[in-house]
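Remarks on the structure that follows.
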Amino acid sequence: MQATADSTKKESSWSGWKGQAIDLLYWRNVKQSGAVFSSVLLLLFSLTQFSVVSVGAYLALAALSATISFRIYKSVLQAVQKTDEGHPFKAYLEMEIALSQDQISKYADKILLYTNTCMKELRRLFLVQDLVDSLKFAVLMWLLTYVGALFNGLTLLILAVVSMFTMPVVYEKHQAQIDQYVGLIRTQVNSVVGKIQAKIPGAKRKEE
């Protein structure tokens, strides 16, 4: 019973985090999404101008300046008003932030699962277990050489963040039209792949 309760609690927690992420990307709360979006973009743009060490140091200094100033302000206010409210960050200092052994094991198991899956997939592609999939992977890598020549890693990350906060909203508003065009593109791609697959010896998949 206890194991079932723990499992239900974990699933509920995961569903809660997933729901919050979806609400954030779909701009359910405009202020919250705007704050996260602008903060992430500001951080990424800062990294394009300064090193990671400099950005981290400046962020730490800004946070310390805010907390130290607030602590001094509250201390002076308590001294003037002769009150004993205690430390202004007491609630946060007493908050439990340590990861439990179960949480560490859960995240470690997920990382291990993803790593093993990725390694198996790369082995399958590079050792040409399926010729069609390996050819698709080769085409993808070839396209990425052009992408890498045009954009660096940070630029791609900025574009990814912008897409994450814009594409879901655009898709939600124009889902029917987008699905129609995606279906047409998928049909054309499958047609081309089928023609290539028919002409290459050994490329045809085995029927299941």
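By order of appearance in the structure tokens: chains A, B, ..., then residues from 1 within every chain, and ligands from 1 in the order shown.
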With only C-alpha atoms counted and 8 Å as the cut-off, give the residues of range 137-197 of chain A in contact with range 30-44 of chain A, each with its shortest interatomic distance in Å and the pair that gives it, as a tab-separated table.
```
residue	atom	partner	partner_atom	distance
A:Leu154	CA	A:Leu44	CA	7.0
A:Leu157	CA	A:Leu44	CA	7.9
A:Ile158	CA	A:Leu44	CA	6.6
A:Val161	CA	A:Leu41	CA	7.6
A:Phe165	CA	A:Phe37	CA	7.2
```
For the residues in the current selection, export N, CA and C atoms as an mmCIF file, in the first residue's frame.
```cif
data_model
loop_
_atom_site.group_PDB
_atom_site.id
_atom_site.type_symbol
_atom_site.label_atom_id
_atom_site.label_comp_id
_atom_site.auth_asym_id
_atom_site.auth_seq_id
_atom_site.Cartn_x
_atom_site.Cartn_y
_atom_site.Cartn_z
ATOM 1 N N LEU A 154 24.883 29.030 -29.237
ATOM 2 C CA LEU A 154 24.042 29.952 -28.473
ATOM 3 C C LEU A 154 22.920 30.529 -29.330
ATOM 4 N N LEU A 157 20.318 27.981 -29.551
ATOM 5 C CA LEU A 157 19.610 27.885 -28.275
ATOM 6 C C LEU A 157 18.606 29.024 -28.124
ATOM 7 N N ILE A 158 18.994 30.229 -28.541
ATOM 8 C CA ILE A 158 18.078 31.372 -28.497
ATOM 9 C C ILE A 158 16.877 31.129 -29.399
ATOM 10 N N VAL A 161 14.547 28.626 -27.738
ATOM 11 C CA VAL A 161 13.748 29.218 -26.664
ATOM 12 C C VAL A 161 12.611 30.057 -27.246
ATOM 13 N N PHE A 165 8.389 29.302 -26.912
ATOM 14 C CA PHE A 165 7.405 30.217 -26.340
ATOM 15 C C PHE A 165 6.475 30.822 -27.400
#
```
From a DSSP calculation on the backbone, collect every residue of chain A in helix (DSSP H, G or I) and output the set as a ChimeraX atom specification. /A:2-25,30-49,52-81,90-93,101-126,131-150,153-173,175-199
Suppose you want the space between CA of Asn190 in chain A and CA of Ala138 in chain A; what is it in Å? 17.0 Å
Using only C-alpha atoms, which residues sit within 12 Å of Glu121 in chain A once same-chain residues fewer than 5 positions away are excluded, as a ChimeraX atom specification? /A:114-116,126-130,133-134,137
Those same residues, written as a CSV table (one decimal), in the first residue's frame with N, CA and C atoms?
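Contents of again_35.csv, freshly written:
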```csv
chain,number,residue,atom,x,y,z
A,114,TYR,N,17.8,7.1,-20.6
A,114,TYR,CA,18.0,7.9,-21.8
A,114,TYR,C,19.3,7.7,-22.5
A,115,THR,N,20.4,7.6,-21.6
A,115,THR,CA,21.7,7.4,-22.1
A,115,THR,C,21.8,6.0,-22.9
A,116,ASN,N,21.3,5.0,-22.3
A,116,ASN,CA,21.4,3.6,-22.9
A,116,ASN,C,20.6,3.6,-24.2
A,126,PHE,N,24.9,4.0,-36.9
A,126,PHE,CA,26.3,4.0,-37.5
A,126,PHE,C,26.7,2.6,-38.0
A,127,LEU,N,26.1,1.6,-37.5
A,127,LEU,CA,26.5,0.2,-38.0
A,127,LEU,C,25.4,-0.2,-39.0
A,128,VAL,N,24.6,0.7,-39.5
A,128,VAL,CA,23.7,0.4,-40.6
A,128,VAL,C,22.8,-0.8,-40.4
A,129,GLN,N,22.1,-0.9,-39.3
A,129,GLN,CA,21.2,-2.0,-39.1
A,129,GLN,C,20.0,-1.9,-40.0
A,130,ASP,N,19.6,-0.6,-40.3
A,130,ASP,CA,18.6,-0.3,-41.2
A,130,ASP,C,19.1,0.7,-42.2
A,133,ASP,N,17.1,4.2,-42.4
A,133,ASP,CA,17.3,5.1,-41.2
A,133,ASP,C,18.7,5.7,-41.2
A,134,SER,N,19.7,4.9,-41.6
A,134,SER,CA,21.1,5.4,-41.6
A,134,SER,C,21.3,6.5,-42.7
A,137,PHE,N,19.7,9.6,-41.3
A,137,PHE,CA,20.6,10.2,-40.3
A,137,PHE,C,21.7,10.9,-41.0
```
Would you give me, as CSV, each residue of range 68-183 of chain A having an atom within 12 Å of an atom of range 192-199 of chain A, along with its shortest atom pair and that distance in Å to one decimal, using only C-alpha atoms and sorting by chain and residue number?
```
residue,atom,partner,partner_atom,distance
A:Asp130,CA,A:Gln197,CA,11.3
A:Leu131,CA,A:Gln197,CA,9.0
A:Val132,CA,A:Gln197,CA,7.0
A:Asp133,CA,A:Val193,CA,10.5
A:Leu135,CA,A:Gln197,CA,10.1
A:Lys136,CA,A:Val193,CA,9.2
A:Val139,CA,A:Val193,CA,11.9
```
Quick one, how far is CA of Thr166 in chain A from CA of Asp179 in chain A?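 Computing the Euclidean distance for CA of Thr166 in chain A and CA of Asp179 in chain A yields 16.7 Å.
Note that the spacing between CA of Met167 in chain A and CA of Phe151 in chain A amounts to 20.1 Å.
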